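protein.csv, holding CSV, C-alpha atoms:
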chain,number,residue,atom,x,y,z
A,6,MET,CA,6.7,-25.4,92.5
A,7,SER,CA,9.2,-24.5,95.2
A,8,ASN,CA,9.7,-27.0,98.0
A,9,TRP,CA,10.9,-24.3,100.3
A,10,ALA,CA,9.6,-24.5,103.9
A,11,PRO,CA,10.5,-22.4,106.9
A,12,LYS,CA,12.9,-23.9,109.3
A,13,ARG,CA,12.6,-24.3,113.0
A,14,PHE,CA,14.4,-21.5,114.8
A,15,TRP,CA,13.2,-21.9,118.4
A,16,THR,CA,14.0,-24.1,121.3
A,17,ALA,CA,10.9,-23.9,123.4
A,18,ALA,CA,7.2,-23.1,122.8
A,19,GLU,CA,5.3,-21.9,125.9
A,20,VAL,CA,1.9,-20.5,126.8
A,21,VAL,CA,1.8,-17.0,128.3
A,22,ALA,CA,-1.3,-15.2,129.7
A,23,CYS,CA,-2.0,-11.8,128.2
A,24,GLY,CA,-4.8,-9.3,128.7
A,25,ALA,CA,-7.0,-10.7,125.9
A,26,GLY,CA,-6.4,-14.3,126.6
A,27,TYR,CA,-3.4,-16.6,126.1
A,28,GLU,CA,-0.7,-16.6,123.5
A,29,VAL,CA,2.1,-18.9,122.4
A,30,GLN,CA,5.7,-17.6,122.5
A,31,LEU,CA,8.7,-19.2,120.8
A,32,ASP,CA,11.7,-18.4,122.9
A,33,GLY,CA,9.9,-15.3,124.2
A,34,ARG,CA,8.7,-14.1,120.8
A,35,SER,CA,5.0,-14.1,120.1
A,36,VAL,CA,3.6,-16.4,117.4
A,37,LYS,CA,1.8,-14.4,114.7
A,38,THR,CA,-0.8,-15.3,112.1
A,39,PRO,CA,-0.1,-15.0,108.3
A,40,LEU,CA,-1.5,-11.5,108.5
A,41,LYS,CA,0.8,-10.6,111.3
A,42,THR,CA,-1.8,-10.6,114.1
A,43,ARG,CA,-0.6,-11.8,117.5
A,44,LEU,CA,-1.9,-15.3,117.9
A,45,VAL,CA,-4.0,-14.8,121.1
A,46,VAL,CA,-6.7,-17.4,121.9
A,47,PRO,CA,-9.5,-17.4,124.5
A,48,THR,CA,-8.4,-20.2,126.7
A,49,ALA,CA,-5.2,-21.7,128.1
A,50,ALA,CA,-6.2,-25.1,127.0
A,51,PHE,CA,-6.4,-23.9,123.4
A,52,ALA,CA,-3.0,-22.2,123.6
A,53,GLU,CA,-1.5,-25.5,125.1
A,54,LYS,CA,-2.7,-27.4,122.0
A,55,ILE,CA,-1.1,-24.8,119.7
A,56,ALA,CA,2.2,-24.8,121.8
A,57,ALA,CA,2.3,-28.6,121.5
A,58,GLU,CA,2.1,-28.3,117.7
A,59,TRP,CA,4.9,-25.9,117.5
A,60,GLN,CA,7.0,-27.9,120.0
A,61,ALA,CA,6.5,-31.0,117.9
A,62,GLN,CA,7.9,-29.5,114.7
A,63,GLU,CA,11.2,-30.8,113.6
A,64,GLU,CA,13.8,-29.2,111.3
A,65,LEU,CA,11.1,-27.9,108.8
A,66,ILE,CA,7.8,-26.4,109.8
A,67,ASP,CA,4.9,-28.4,108.3
A,68,PRO,CA,1.5,-26.5,108.6
A,69,LYS,CA,-0.4,-29.7,107.7
A,70,THR,CA,0.5,-31.1,111.1
A,71,MET,CA,-0.8,-27.9,113.0
A,72,PRO,CA,-4.6,-28.0,112.7
A,73,PHE,CA,-5.1,-26.0,116.0
A,74,THR,CA,-2.7,-23.3,114.8
A,75,ARG,CA,-4.5,-23.1,111.5
A,76,ALA,CA,-7.9,-22.9,113.2
A,77,ALA,CA,-6.6,-20.0,115.4
A,78,ASN,CA,-5.2,-18.3,112.3
A,79,ALA,CA,-8.6,-18.6,110.5
A,80,ALA,CA,-10.4,-17.3,113.6
A,81,LEU,CA,-8.2,-14.2,113.8
A,82,ASP,CA,-7.5,-13.4,110.1
A,83,LYS,CA,-10.8,-14.4,108.6
A,84,VAL,CA,-13.7,-15.0,110.9
A,85,THR,CA,-13.0,-12.0,113.2
A,86,VAL,CA,-12.9,-9.5,110.4
A,87,GLN,CA,-16.1,-10.9,108.7
A,88,ARG,CA,-18.0,-12.5,111.5
A,89,ALA,CA,-21.4,-11.5,110.3
A,90,GLU,CA,-20.8,-12.8,106.8
A,91,VAL,CA,-19.5,-16.1,108.2
A,92,ALA,CA,-22.5,-16.5,110.5
A,93,ASP,CA,-24.9,-15.6,107.7
A,94,MET,CA,-23.3,-18.3,105.5
A,95,LEU,CA,-23.6,-20.9,108.1
A,96,ALA,CA,-27.2,-20.0,109.1
A,97,ALA,CA,-28.1,-20.4,105.4
A,98,TYR,CA,-27.7,-24.1,105.8
A,99,GLY,CA,-31.0,-24.1,107.6
A,100,GLY,CA,-32.8,-23.4,104.4
A,101,THR,CA,-31.5,-26.6,102.8
A,102,ASP,CA,-30.7,-28.7,105.9
A,103,LEU,CA,-29.8,-32.3,105.2
A,104,LEU,CA,-32.2,-33.5,107.8
A,105,CYS,CA,-35.2,-32.0,105.9
A,106,TYR,CA,-34.6,-34.0,102.7
A,107,ARG,CA,-35.7,-37.6,102.9
A,108,ALA,CA,-35.5,-40.5,100.6
A,109,THR,CA,-38.6,-41.5,98.6
A,110,ASP,CA,-37.5,-45.2,98.8
A,111,PRO,CA,-36.7,-47.8,99.9
A,112,GLU,CA,-38.8,-48.0,103.0
A,113,GLY,CA,-36.0,-49.2,105.1
A,114,LEU,CA,-33.9,-46.1,104.4
A,115,ARG,CA,-36.9,-43.8,104.9
A,116,ALA,CA,-37.6,-45.4,108.3
A,117,ARG,CA,-34.0,-45.1,109.3
A,118,GLN,CA,-33.9,-41.4,108.4
A,119,ALA,CA,-37.1,-40.7,110.3
A,120,ALA,CA,-36.0,-42.5,113.4
A,121,ALA,CA,-32.6,-40.7,113.5
A,122,TRP,CA,-33.5,-37.3,112.3
A,123,ASP,CA,-37.0,-36.6,113.5
A,124,PRO,CA,-36.0,-36.3,117.2
A,125,LEU,CA,-33.4,-33.7,116.2
A,126,LEU,CA,-35.9,-31.6,114.4
A,127,ASP,CA,-38.1,-31.9,117.6
A,128,TRP,CA,-35.0,-30.8,119.6
A,129,THR,CA,-34.5,-27.8,117.4
A,130,ALA,CA,-38.1,-26.8,117.8
A,131,GLU,CA,-37.9,-27.1,121.6
A,132,THR,CA,-34.5,-25.4,121.9
A,133,TYR,CA,-34.8,-22.6,119.4
A,134,GLY,CA,-38.5,-22.4,118.7
A,135,ALA,CA,-37.8,-23.2,115.1
A,136,ARG,CA,-39.8,-26.0,113.4
A,137,LEU,CA,-38.2,-27.0,110.1
A,138,GLN,CA,-40.3,-28.7,107.5
A,139,VAL,CA,-39.5,-32.0,105.8
A,140,THR,CA,-39.8,-33.0,102.1
A,141,ALA,CA,-39.1,-36.2,100.1
A,142,GLY,CA,-36.7,-36.4,97.2
A,143,ILE,CA,-35.1,-33.3,95.8
A,144,VAL,CA,-38.2,-31.1,95.6
A,145,PRO,CA,-37.2,-27.9,97.5
A,146,VAL,CA,-39.1,-27.0,100.7
A,147,ASP,CA,-39.5,-23.3,101.7
A,148,GLN,CA,-38.8,-23.0,105.4
A,149,ASN,CA,-40.6,-20.4,107.4
A,150,ALA,CA,-38.6,-17.1,107.5
A,151,ALA,CA,-39.2,-16.6,111.2
A,152,ASP,CA,-37.9,-20.1,112.0
A,153,LEU,CA,-34.8,-19.5,110.0
A,154,ALA,CA,-34.3,-16.1,111.7
A,155,LYS,CA,-34.3,-17.8,115.1
A,156,LEU,CA,-31.6,-20.3,114.0
A,157,ALA,CA,-29.6,-17.5,112.5
A,158,GLU,CA,-29.8,-15.6,115.8
A,159,ALA,CA,-28.3,-18.6,117.5
A,160,VAL,CA,-25.4,-18.8,115.0
A,161,HIS,CA,-24.7,-15.1,115.3
A,162,SER,CA,-24.4,-15.4,119.1
A,163,TYR,CA,-21.1,-17.3,118.9
A,164,GLU,CA,-17.7,-15.5,119.2
A,165,PRO,CA,-15.3,-15.9,116.3
A,166,PHE,CA,-13.2,-18.8,117.7
A,167,ALA,CA,-16.3,-20.8,118.5
A,168,LEU,CA,-17.8,-19.9,115.2
A,169,THR,CA,-14.6,-21.3,113.6
A,170,GLY,CA,-15.3,-24.7,115.1
A,171,LEU,CA,-19.0,-24.5,114.4
A,172,HIS,CA,-18.1,-23.8,110.7
A,173,ASP,CA,-16.8,-27.3,110.2
A,174,LEU,CA,-19.5,-29.0,112.3
A,175,ILE,CA,-22.0,-27.5,109.9
A,176,ALA,CA,-20.1,-27.6,106.6
A,177,ILE,CA,-18.8,-31.1,106.8
A,178,SER,CA,-22.2,-32.5,107.8
A,179,GLY,CA,-24.3,-30.3,105.5
A,180,SER,CA,-26.6,-29.7,108.4
A,181,LEU,CA,-27.2,-26.6,110.6
A,182,VAL,CA,-29.3,-28.8,113.0
A,183,LEU,CA,-26.5,-31.4,113.4
A,184,GLY,CA,-23.9,-28.7,113.9
A,185,LEU,CA,-25.9,-26.9,116.6
A,186,ALA,CA,-26.8,-30.2,118.3
A,187,VAL,CA,-23.1,-31.2,118.5
A,188,ALA,CA,-22.1,-27.8,119.7
A,189,ARG,CA,-24.7,-27.7,122.4
A,190,GLY,CA,-23.9,-31.3,123.5
A,191,ARG,CA,-27.2,-32.8,122.4
A,192,LEU,CA,-25.0,-35.2,120.3
A,193,THR,CA,-21.5,-36.3,120.6
A,194,PRO,CA,-19.4,-35.4,117.5
A,195,GLU,CA,-19.2,-39.1,116.7
A,196,GLU,CA,-23.0,-39.3,116.7
A,197,GLY,CA,-23.3,-36.1,114.6
A,198,PHE,CA,-20.9,-37.4,112.0
A,199,ASP,CA,-22.6,-40.8,111.7
A,200,LEU,CA,-26.1,-39.2,111.5
A,201,SER,CA,-24.9,-37.1,108.6
A,202,ARG,CA,-24.0,-40.2,106.6
A,203,ILE,CA,-27.1,-42.3,107.0
A,204,ASP,CA,-27.7,-42.3,103.2
A,205,GLU,CA,-24.0,-43.2,102.4
A,206,ASN,CA,-23.9,-45.9,105.1
A,207,TRP,CA,-27.1,-47.4,103.7
A,208,GLN,CA,-25.5,-47.7,100.3
A,209,ILE,CA,-22.4,-49.3,101.8
A,210,GLU,CA,-24.6,-51.9,103.4
A,211,GLN,CA,-26.1,-52.7,100.0
A,212,TRP,CA,-23.1,-52.6,97.8
A,213,GLY,CA,-19.9,-52.6,99.9
A,214,GLU,CA,-17.3,-50.0,100.7
A,215,ASP,CA,-14.8,-48.4,98.4
A,216,GLU,CA,-11.3,-48.3,99.9
A,217,GLU,CA,-10.4,-44.9,98.6
A,218,GLU,CA,-13.7,-43.4,99.6
A,219,ALA,CA,-13.3,-44.9,103.1
A,220,GLU,CA,-10.0,-43.1,103.5
A,221,LEU,CA,-11.6,-39.8,102.6
A,222,VAL,CA,-14.4,-40.4,105.0
A,223,SER,CA,-11.9,-41.2,107.7
A,224,LEU,CA,-10.2,-37.8,107.1
A,225,LYS,CA,-13.5,-36.0,107.2
A,226,ARG,CA,-14.4,-37.7,110.5
A,227,THR,CA,-11.2,-36.6,112.0
A,228,ASP,CA,-11.8,-33.1,110.9
A,229,TYR,CA,-15.3,-33.2,112.3
A,230,LEU,CA,-14.3,-34.5,115.7
A,231,ARG,CA,-11.5,-31.9,115.8
A,232,ALA,CA,-14.0,-29.1,115.0
A,233,LYS,CA,-15.9,-30.0,118.2
A,234,GLU,CA,-12.7,-29.9,120.1
A,235,ILE,CA,-11.9,-26.4,118.7
A,236,PHE,CA,-15.4,-25.3,119.6
A,237,ASP,CA,-15.0,-26.5,123.2
A,238,LEU,CA,-11.5,-25.1,123.6
A,239,SER,CA,-12.9,-21.7,122.6
A,240,GLN,CA,-15.3,-21.6,125.5
A,241,ARG,CA,-14.0,-19.3,128.4
A,242,GLN,CA,-14.7,-20.6,131.9
A,243,PRO,CA,-17.1,-18.3,133.9
A,244,ASP,CA,-14.2,-17.2,136.2
A,245,ALA,CA,-11.7,-16.7,133.3
Can you turn what I pasted into structure tokens?
Amino acid sequence: MSNWAPKRFWTAAEVVACGAGYEVQLDGRSVKTPLKTRLVVPTAAFAEKIAAEWQAQEELIDPKTMPFTRAANAALDKVTVQRAEVADMLAAYGGTDLLCYRATDPEGLRARQAAAWDPLLDWTAETYGARLQVTAGIVPVDQNAADLAKLAEAVHSYEPFALTGLHDLIAISGSLVLGLAVARGRLTPEEGFDLSRIDENWQIEQWGEDEEEAELVSLKRTDYLRAKEIFDLSQRQPDA
């Protein structure tokens, strides 16, 4: 494989207000997405994050060090053009939500799941009018179509940039409920991530932690916390 990488060609990255929001310019030239769309984001704070990533590049550009730029690219090139499909895919997590599938044993794990997850299912019912049903083991549970529709409506209400952040909050945790709870501020992202790993953490307590797995979990945690940051940076202020 080729090791070619684009070289830095600019001196300064700066944020510039434009009609649709804020863009990043490199020595006066607009940054564009891989599909050549002008990289315009909803808020100045989001654009500042992106500008900082470009300014931090050295001789060669390393996209792996530019997560906010990658998120904006995804929002513009992917989510914006297929917003309904992305929202449908995320809403579908409600039908198999992690919080609805409980352990059959041991009792200690069952109690821990119930104590952590039941209040969030109550919150979902109170907030969205959607009561998800719980089952034990891997036996599927059919959720009420009307309840799933209410949760889907909530997901579809988000604009593409917010939906981009919400995507990872849901996909990494495996839970629509946790994703929405973190997005709405019912949980901190740290709490949301930890609540998605109750089963795994129980096993670690019993058998110890694998070093390689711990490194992967740390990366996922970082991605999860950043997803909430992307979601928040996507929210326009009322006077914006």
Practice item. Could you give me, as a VMD selection string, the residues within 9 Å of A:Gly100, counting all atoms listed in the file and dropping anything in the same chain fewer than 2 positions from it? Key: chain A and resid 96 to 98 102 137 146 to 149 153 181
Study note, to complete from the structure: As a check of understanding: the span from atom CA of A:Glu112 to atom CA of A:Asp204 is 12.5 Å
**Study point:** Interatomic distance (Å, one decimal) between atom CA of A:Ser178 and atom CA of A:Ser201
**Key:** 5.4 Å
Point to revise | Protein and nucleic acid residues near (-39.8, -20.2, 117.4) (cut-off 10 Å, only C-alpha atoms) as a PyMOL selection string | key: chain A and resi 129-136+151-156
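Of the residues listed (A:Leu104, A:Leu31, A:Ala56, A:Leu95), A:Leu95 shows the shortest atom-to-atom separation from A:Ala157; distances use all atoms listed in the file.
Interatomic distance, atom CA of A:Ile203 to atom CA of A:Pro72: 27.3 Å.
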Stretch 35-47 of chain A rebuilt with N, CA and C atoms, output as a PDB file, keeping the file's coordinate frame:
ATOM      1  N   SER A  35       6.359 -13.703 120.303  1.00  0.00           N
ATOM      2  CA  SER A  35       5.000 -14.100 120.100  1.00  0.00           C
ATOM      3  C   SER A  35       4.773 -14.698 118.688  1.00  0.00           C
ATOM      4  N   VAL A  36       4.017 -15.785 118.649  1.00  0.00           N
ATOM      5  CA  VAL A  36       3.600 -16.400 117.400  1.00  0.00           C
ATOM      6  C   VAL A  36       2.591 -15.407 116.738  1.00  0.00           C
ATOM      7  N   LYS A  37       2.684 -15.228 115.430  1.00  0.00           N
ATOM      8  CA  LYS A  37       1.800 -14.400 114.700  1.00  0.00           C
ATOM      9  C   LYS A  37       1.085 -15.124 113.576  1.00  0.00           C
ATOM     10  N   THR A  38      -0.077 -14.653 113.189  1.00  0.00           N
ATOM     11  CA  THR A  38      -0.800 -15.300 112.100  1.00  0.00           C
ATOM     12  C   THR A  38      -0.184 -14.848 110.764  1.00  0.00           C
ATOM     13  N   PRO A  39      -0.627 -15.445 109.653  1.00  0.00           N
ATOM     14  CA  PRO A  39      -0.100 -15.000 108.300  1.00  0.00           C
ATOM     15  C   PRO A  39      -0.291 -13.542 108.055  1.00  0.00           C
ATOM     16  N   LEU A  40      -1.308 -12.922 108.659  1.00  0.00           N
ATOM     17  CA  LEU A  40      -1.500 -11.500 108.500  1.00  0.00           C
ATOM     18  C   LEU A  40      -0.873 -10.666 109.574  1.00  0.00           C
ATOM     19  N   LYS A  41       0.024 -11.296 110.315  1.00  0.00           N
ATOM     20  CA  LYS A  41       0.800 -10.600 111.300  1.00  0.00           C
ATOM     21  C   LYS A  41       0.065 -10.176 112.564  1.00  0.00           C
ATOM     22  N   THR A  42      -1.044 -10.833 112.840  1.00  0.00           N
ATOM     23  CA  THR A  42      -1.800 -10.600 114.100  1.00  0.00           C
ATOM     24  C   THR A  42      -1.210 -11.485 115.175  1.00  0.00           C
ATOM     25  N   ARG A  43      -1.052 -10.953 116.373  1.00  0.00           N
ATOM     26  CA  ARG A  43      -0.600 -11.800 117.500  1.00  0.00           C
ATOM     27  C   ARG A  43      -1.603 -12.926 117.676  1.00  0.00           C
ATOM     28  N   LEU A  44      -1.079 -14.132 117.791  1.00  0.00           N
ATOM     29  CA  LEU A  44      -1.900 -15.300 117.900  1.00  0.00           C
ATOM     30  C   LEU A  44      -2.356 -15.452 119.362  1.00  0.00           C
ATOM     31  N   VAL A  45      -3.460 -14.794 119.702  1.00  0.00           N
ATOM     32  CA  VAL A  45      -4.000 -14.800 121.100  1.00  0.00           C
ATOM     33  C   VAL A  45      -5.339 -15.583 121.004  1.00  0.00           C
ATOM     34  N   VAL A  46      -5.478 -16.602 121.855  1.00  0.00           N
ATOM     35  CA  VAL A  46      -6.700 -17.400 121.900  1.00  0.00           C
ATOM     36  C   VAL A  46      -7.403 -17.284 123.197  1.00  0.00           C
ATOM     37  N   PRO A  47      -8.681 -17.679 123.268  1.00  0.00           N
ATOM     38  CA  PRO A  47      -9.500 -17.400 124.500  1.00  0.00           C
ATOM     39  C   PRO A  47      -9.111 -18.162 125.720  1.00  0.00           C
TER      40      PRO A  47
END
